[in-house]
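**Q** Quick one: the structure is below, questions incoming.
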Amino acid sequence: MEKPTTSGHAPVNGISMYYEIYGKGDMPLVLIHGGGSTIQSSFSTLLPLLSNDNKVIALELQAHGRTSDRNAPESFTQDADDVVGLLKYLKIDKANILGFSNGASTTMQIAIRHPEMVNKIVVISGAYRRDGFIPGFFDGFPHATLANMPAPLQADFLAVTPDRNKLQVMFEKDVQRMENFKDWPDDELRSIKAPALFMSSDKDVVVPAHTLQMSRIVPGAQLAILPGTHGFLIGEAGSGAKGSIFAVATAALIEEFLRE
């Protein structure tokens with residue numbers, strides 16, 4: 001990845017949130033990583049493509065990467081409030097928000113809870129109901145151990161925070177969040193007023209029908225289903241497609257949506 005023009009930590013809701021800023025532009029694009037991830041593991045392929053024409057703000061959520069933890073579980077609503085807290089710290093009144101996987105669910109919660117802060121949203125492999133995931137997705141969480149976490153994600157975490165105890169805590173909080181995941185009411189999605197682009201892969205952990213369903217619930221939303229498995233369309237580290245040229249097509253679709 002290219003080096004950020006600015007990076008640092010912001011005091012946000014009791015944690016020290018790490019962020020990086022790339023590129024230039026009038027409307028910032030915020031990138032929110034997936035579960036168990038860092039900026040690099042989710043966006044090392046996609047970010048350079050998007051920062052050519054945008055001011056990009058990438059961040060790390062509670063207990064992830066270089067951001068500190070708090071004595072409380074992770075939640076999508078808290079993550080949403082934390083992202084908004086960072087934007088206010090940076091004196092940004094409105095932004096485009098792009099999230100992948102758990103970060104995509106956080107993106108939807110930002111649009112639900114803080115509509116005044118959102119220009120457009122890009123939801124990649126997100127979900128709002130348990131039945132939106134492939135059959136059996138939740139079965140392994142009660143017995144999950146750190147050994148089940150993809151090695152590339154572990155390596156990327158330890159590269160920026162070389163502390164296996166913090167890696168373990170982050171893993172356990174991510175698992176707990178998914179074990180406790182509850183369906184959101186359709187009316188929450190229906191309340192999203194920002195223009196939205198829903199994206200996923202045809203062999204994702206979120207089934208295509210669920211992505212289609214969300215795009216029909218959110219008024220005026222757009223939909224793109226691309227070939228591949230979870231994370232393949234953005235070249236995410238755990239997908240085996242890191243550095244793939246396939247992300248160029250994804251970036252082009254995102255850029256077109258943001259320009260409309």
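Labels used: A, B, ... for chains in the order of the structure tokens, numbers from 1 for residues in each chain, and numbers from 1 for ligands as shown.
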Let's see if you can do this: from backbone DSSP, list all strand (DSSP E or B) residues in stretch 11-137 of chain A, as a ChimeraX atom specification.

**A** /A:11-12,15-22,29-32,56-59,95-100,118-124,133

**Q** Sorted by chain and rising residue number, which residues of stretch 55-109 of chain A lie within 10 Å of stretch 120-125 of chain A, and what are their closest atom pairs and distances in Å to one decimal, counting only C-alpha atoms, as a Markdown table?

**A**
| residue | atom | partner | partner_atom | distance |
| --- | --- | --- | --- | --- |
| A:Lys94 | CA | A:Lys120 | CA | 9.4 |
| A:Ala95 | CA | A:Lys120 | CA | 7.3 |
| A:Asn96 | CA | A:Lys120 | CA | 4.8 |
| A:Ile97 | CA | A:Ile121 | CA | 4.8 |
| A:Leu98 | CA | A:Val122 | CA | 4.5 |
| A:Gly99 | CA | A:Val123 | CA | 5.5 |
| A:Phe100 | CA | A:Ile124 | CA | 4.7 |
| A:Ser101 | CA | A:Ser125 | CA | 4.8 |
| A:Asn102 | CA | A:Ser125 | CA | 8.1 |
| A:Gly103 | CA | A:Val123 | CA | 8.3 |
| A:Ala104 | CA | A:Val123 | CA | 4.8 |
| A:Ser105 | CA | A:Val123 | CA | 7.5 |
| A:Thr106 | CA | A:Val123 | CA | 9.2 |
| A:Thr107 | CA | A:Val123 | CA | 6.8 |
| A:Met108 | CA | A:Val123 | CA | 7.3 |

**Q** If you keep N, CA and C atoms, can you produce a file of those selected residues as a tab-separated table (two decimals), in the first residue's frame?

**A**
chain	number	residue	atom	x	y	z
A	94	LYS	N	-20.03	15.46	6.61
A	94	LYS	CA	-20.74	14.47	5.79
A	94	LYS	C	-19.72	13.69	4.99
A	95	ALA	N	-20.00	12.40	4.77
A	95	ALA	CA	-19.05	11.55	4.05
A	95	ALA	C	-19.78	10.42	3.34
A	96	ASN	N	-19.12	9.87	2.32
A	96	ASN	CA	-19.51	8.58	1.77
A	96	ASN	C	-18.92	7.50	2.67
A	97	ILE	N	-19.67	6.43	2.89
A	97	ILE	CA	-19.22	5.36	3.78
A	97	ILE	C	-19.23	4.04	3.03
A	98	LEU	N	-18.12	3.33	3.06
A	98	LEU	CA	-18.00	2.00	2.45
A	98	LEU	C	-17.56	1.01	3.52
A	99	GLY	N	-18.31	-0.07	3.67
A	99	GLY	CA	-17.95	-1.09	4.64
A	99	GLY	C	-17.96	-2.47	4.02
A	100	PHE	N	-17.05	-3.31	4.51
A	100	PHE	CA	-16.96	-4.70	4.06
A	100	PHE	C	-17.30	-5.64	5.21
A	101	SER	N	-18.17	-6.63	4.95
A	101	SER	CA	-18.50	-7.69	5.90
A	101	SER	C	-19.09	-7.07	7.18
A	102	ASN	N	-18.50	-7.32	8.36
A	102	ASN	CA	-19.01	-6.66	9.57
A	102	ASN	C	-19.01	-5.15	9.41
A	103	GLY	N	-18.01	-4.64	8.70
A	103	GLY	CA	-17.96	-3.20	8.45
A	103	GLY	C	-19.12	-2.72	7.61
A	104	ALA	N	-19.67	-3.60	6.78
A	104	ALA	CA	-20.83	-3.25	5.97
A	104	ALA	C	-22.07	-3.13	6.85
A	105	SER	N	-22.20	-4.01	7.83
A	105	SER	CA	-23.32	-3.90	8.77
A	105	SER	C	-23.18	-2.62	9.59
A	106	THR	N	-21.95	-2.28	9.98
A	106	THR	CA	-21.71	-1.01	10.67
A	106	THR	C	-22.10	0.16	9.78
A	107	THR	N	-21.78	0.08	8.49
A	107	THR	CA	-22.13	1.14	7.55
A	107	THR	C	-23.64	1.37	7.52
A	108	MET	N	-24.41	0.29	7.48
A	108	MET	CA	-25.87	0.45	7.51
A	108	MET	C	-26.33	1.09	8.80

**Q** Write out as a list in words the residues lying within 10 Å of A:Leu46, counting only C-alpha atoms and excluding same-chain residues fewer than 6 positions away.

**A**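 Contacts, with the query itself left out: Met1, Leu31, Gln40, Leu233, Ile234, Gly235, Glu236, Lys242, Gly243, Ser244, Ile245, Phe246, Ala247, Val248, Thr250 and Ala251 of chain A.
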
**Q** Using the selection just defined, write its residues with C-alpha atoms as a PDB file, in the first residue's frame.

**A**
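Now in again-v5.pdb:
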ATOM      1  CA  MET A   1       0.000   0.000   0.000  1.00  0.00           C
ATOM      2  CA  LEU A  31     -13.527   2.649   4.631  1.00  0.00           C
ATOM      3  CA  GLN A  40      -4.391  -3.457   5.354  1.00  0.00           C
ATOM      4  CA  LEU A 233     -14.245  -8.743  -5.110  1.00  0.00           C
ATOM      5  CA  ILE A 234     -12.040  -6.371  -3.059  1.00  0.00           C
ATOM      6  CA  GLY A 235      -8.888  -8.509  -2.874  1.00  0.00           C
ATOM      7  CA  GLU A 236      -9.240  -8.996   0.898  1.00  0.00           C
ATOM      8  CA  LYS A 242      -4.998 -10.152  -2.389  1.00  0.00           C
ATOM      9  CA  GLY A 243      -3.566  -7.966  -5.134  1.00  0.00           C
ATOM     10  CA  SER A 244      -6.020  -9.384  -7.677  1.00  0.00           C
ATOM     11  CA  ILE A 245      -6.844  -7.236 -10.693  1.00  0.00           C
ATOM     12  CA  PHE A 246     -10.470  -8.263 -10.088  1.00  0.00           C
ATOM     13  CA  ALA A 247     -10.700  -5.415  -7.554  1.00  0.00           C
ATOM     14  CA  VAL A 248     -10.232  -2.962 -10.445  1.00  0.00           C
ATOM     15  CA  THR A 250     -15.143  -3.386  -8.173  1.00  0.00           C
ATOM     16  CA  ALA A 251     -13.437  -0.011  -7.801  1.00  0.00           C
TER      17      ALA A 251
END

**Q** Taking the backbone alone, and naming residues the way the document does, which bits of stretch 60-254 of chain A are alpha helix (DSSP H) by DSSP, as an NGL selection string?

**A** :A and (76-89 or 102-113 or 151-160 or 164-179 or 186-190 or 208-217 or 246-254)

**Q** Mind checking which residues fall within 9 Å of A:Asp53, counting only C-alpha atoms, ignoring those fewer than 3 positions away in the same chain, and posting them as a ChimeraX atom specification?

**A** /A:23-25,49-50,255

**Q** Using only C-alpha atoms, pick whichever of A:Met17, A:Ile134, A:Ala159, A:Leu146 has the shortest atom-to-atom distance to A:Val175.

**A**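 For A:Val175, the nearest of the given residues is A:Leu146.
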
**Q** What are the nearest atom pairs, with distances in Å to one decimal, for all residues of stretch 114-230 of chain A that come at most 9 Å from stretch 63-85 of chain A, using only C-alpha atoms, set out by chain and rising residue number as JSON lines?

**A**
{"residue": "A:His114", "atom": "CA", "partner": "A:Val84", "partner_atom": "CA", "distance": 7.7}
{"residue": "A:Met117", "atom": "CA", "partner": "A:Val84", "partner_atom": "CA", "distance": 7.5}
{"residue": "A:Asp156", "atom": "CA", "partner": "A:Gly65", "partner_atom": "CA", "distance": 8.2}
{"residue": "A:Phe157", "atom": "CA", "partner": "A:Gly65", "partner_atom": "CA", "distance": 5.4}
{"residue": "A:Leu158", "atom": "CA", "partner": "A:Gly65", "partner_atom": "CA", "distance": 7.9}
{"residue": "A:Ala159", "atom": "CA", "partner": "A:Gly65", "partner_atom": "CA", "distance": 8.8}
{"residue": "A:Val160", "atom": "CA", "partner": "A:Gly65", "partner_atom": "CA", "distance": 6.2}
{"residue": "A:Thr161", "atom": "CA", "partner": "A:Gly65", "partner_atom": "CA", "distance": 6.0}
{"residue": "A:Lys166", "atom": "CA", "partner": "A:Ala63", "partner_atom": "CA", "distance": 7.4}
{"residue": "A:Leu167", "atom": "CA", "partner": "A:His64", "partner_atom": "CA", "distance": 8.0}
{"residue": "A:Val169", "atom": "CA", "partner": "A:Ala63", "partner_atom": "CA", "distance": 7.6}
{"residue": "A:Met170", "atom": "CA", "partner": "A:Ala63", "partner_atom": "CA", "distance": 5.4}
{"residue": "A:Lys173", "atom": "CA", "partner": "A:Glu74", "partner_atom": "CA", "distance": 6.2}
{"residue": "A:Asp174", "atom": "CA", "partner": "A:Glu74", "partner_atom": "CA", "distance": 7.1}
{"residue": "A:Gln176", "atom": "CA", "partner": "A:Pro73", "partner_atom": "CA", "distance": 7.9}
{"residue": "A:Arg177", "atom": "CA", "partner": "A:Glu74", "partner_atom": "CA", "distance": 6.2}
{"residue": "A:Phe181", "atom": "CA", "partner": "A:Ser75", "partner_atom": "CA", "distance": 9.0}

**Q** Go ahead and save the residues from that selection, with C-alpha atoms, as a short mmCIF file (atom, residue, chain, number, x, y, z; two decimals), in the first residue's frame.

**A**
data_model
loop_
_atom_site.label_atom_id
_atom_site.label_comp_id
_atom_site.auth_asym_id
_atom_site.auth_seq_id
_atom_site.Cartn_x
_atom_site.Cartn_y
_atom_site.Cartn_z
CA HIS A 114 -26.70 9.19 11.91
CA MET A 117 -23.55 12.43 8.43
CA ASP A 156 -1.81 -8.57 9.50
CA PHE A 157 -2.98 -7.87 13.06
CA LEU A 158 0.36 -8.87 14.57
CA ALA A 159 2.24 -6.82 11.98
CA VAL A 160 0.72 -3.61 13.37
CA THR A 161 0.11 -4.71 16.99
CA LYS A 166 -4.73 -8.41 22.15
CA LEU A 167 -5.26 -10.63 19.11
CA VAL A 169 -9.23 -10.56 22.93
CA MET A 170 -10.23 -9.17 19.54
CA LYS A 173 -15.11 -10.28 21.02
CA ASP A 174 -15.71 -10.81 17.30
CA GLN A 176 -19.22 -13.14 20.78
CA ARG A 177 -20.74 -10.48 18.53
CA PHE A 181 -26.28 -11.40 16.48
#

**Q** Would you mind listing what lies within 7 Å of A:Ser201 as a ChimeraX atom specification, with only C-alpha atoms counted and same-chain residues fewer than 5 positions away left out?

**A** /A:225-230,233

**Q** Might you pull out every residue within 9 Å of A:Ile92, with only C-alpha atoms counted and same-chain residues fewer than 4 positions away left off, and present them as a PyMOL selection string?

**A** chain A and resi 28+86-88+117

**Q** Could you take the residues named above and write them with C-alpha atoms, as a short mmCIF file (atom, residue, chain, number, x, y, z; two decimals), in the first residue's frame?

**A**
data_model
loop_
_atom_site.label_atom_id
_atom_site.label_comp_id
_atom_site.auth_asym_id
_atom_site.auth_seq_id
_atom_site.Cartn_x
_atom_site.Cartn_y
_atom_site.Cartn_z
CA PRO A 28 -14.43 11.98 1.92
CA LEU A 86 -14.00 10.03 14.51
CA LEU A 87 -15.57 12.09 11.71
CA LYS A 88 -16.58 14.77 14.20
CA MET A 117 -23.55 12.43 8.43
#

**Q** So how far away is atom CA of A:Arg190 from atom CA of A:Thr211, in Å?

**A**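 Interatomic distance here is 14.2 Å.
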
**Q** May I have the residues within 9 Å of A:Phe133 as a VMD selection string, using only C-alpha atoms and disregarding those fewer than 3 positions away in the same chain?

**A** chain A and resid 127 129 to 130 136 to 138 204 to 207 210

**Q** Work out how far apart atom CA of A:Ser200 and atom CA of A:Ile39 are and give it in Å to one decimal.

**A**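 Straight-line distance from atom CA of A:Ser200 to atom CA of A:Ile39 works out to 19.2 Å.
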
**Q** Taking into account only C-alpha atoms, which residue in the set A:Gln62, A:Ser44, A:Asn54, A:Gln154 is nearest to A:Ile15?

**A**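 When distances to A:Ile15 are compared using only C-alpha atoms, the smallest one comes from A:Gln62.
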
**Q** Just to confirm, what's the straight-line distance from atom CA of A:Ala111 to atom CA of A:His9 in Å (one decimal)?

**A** 23.8 Å
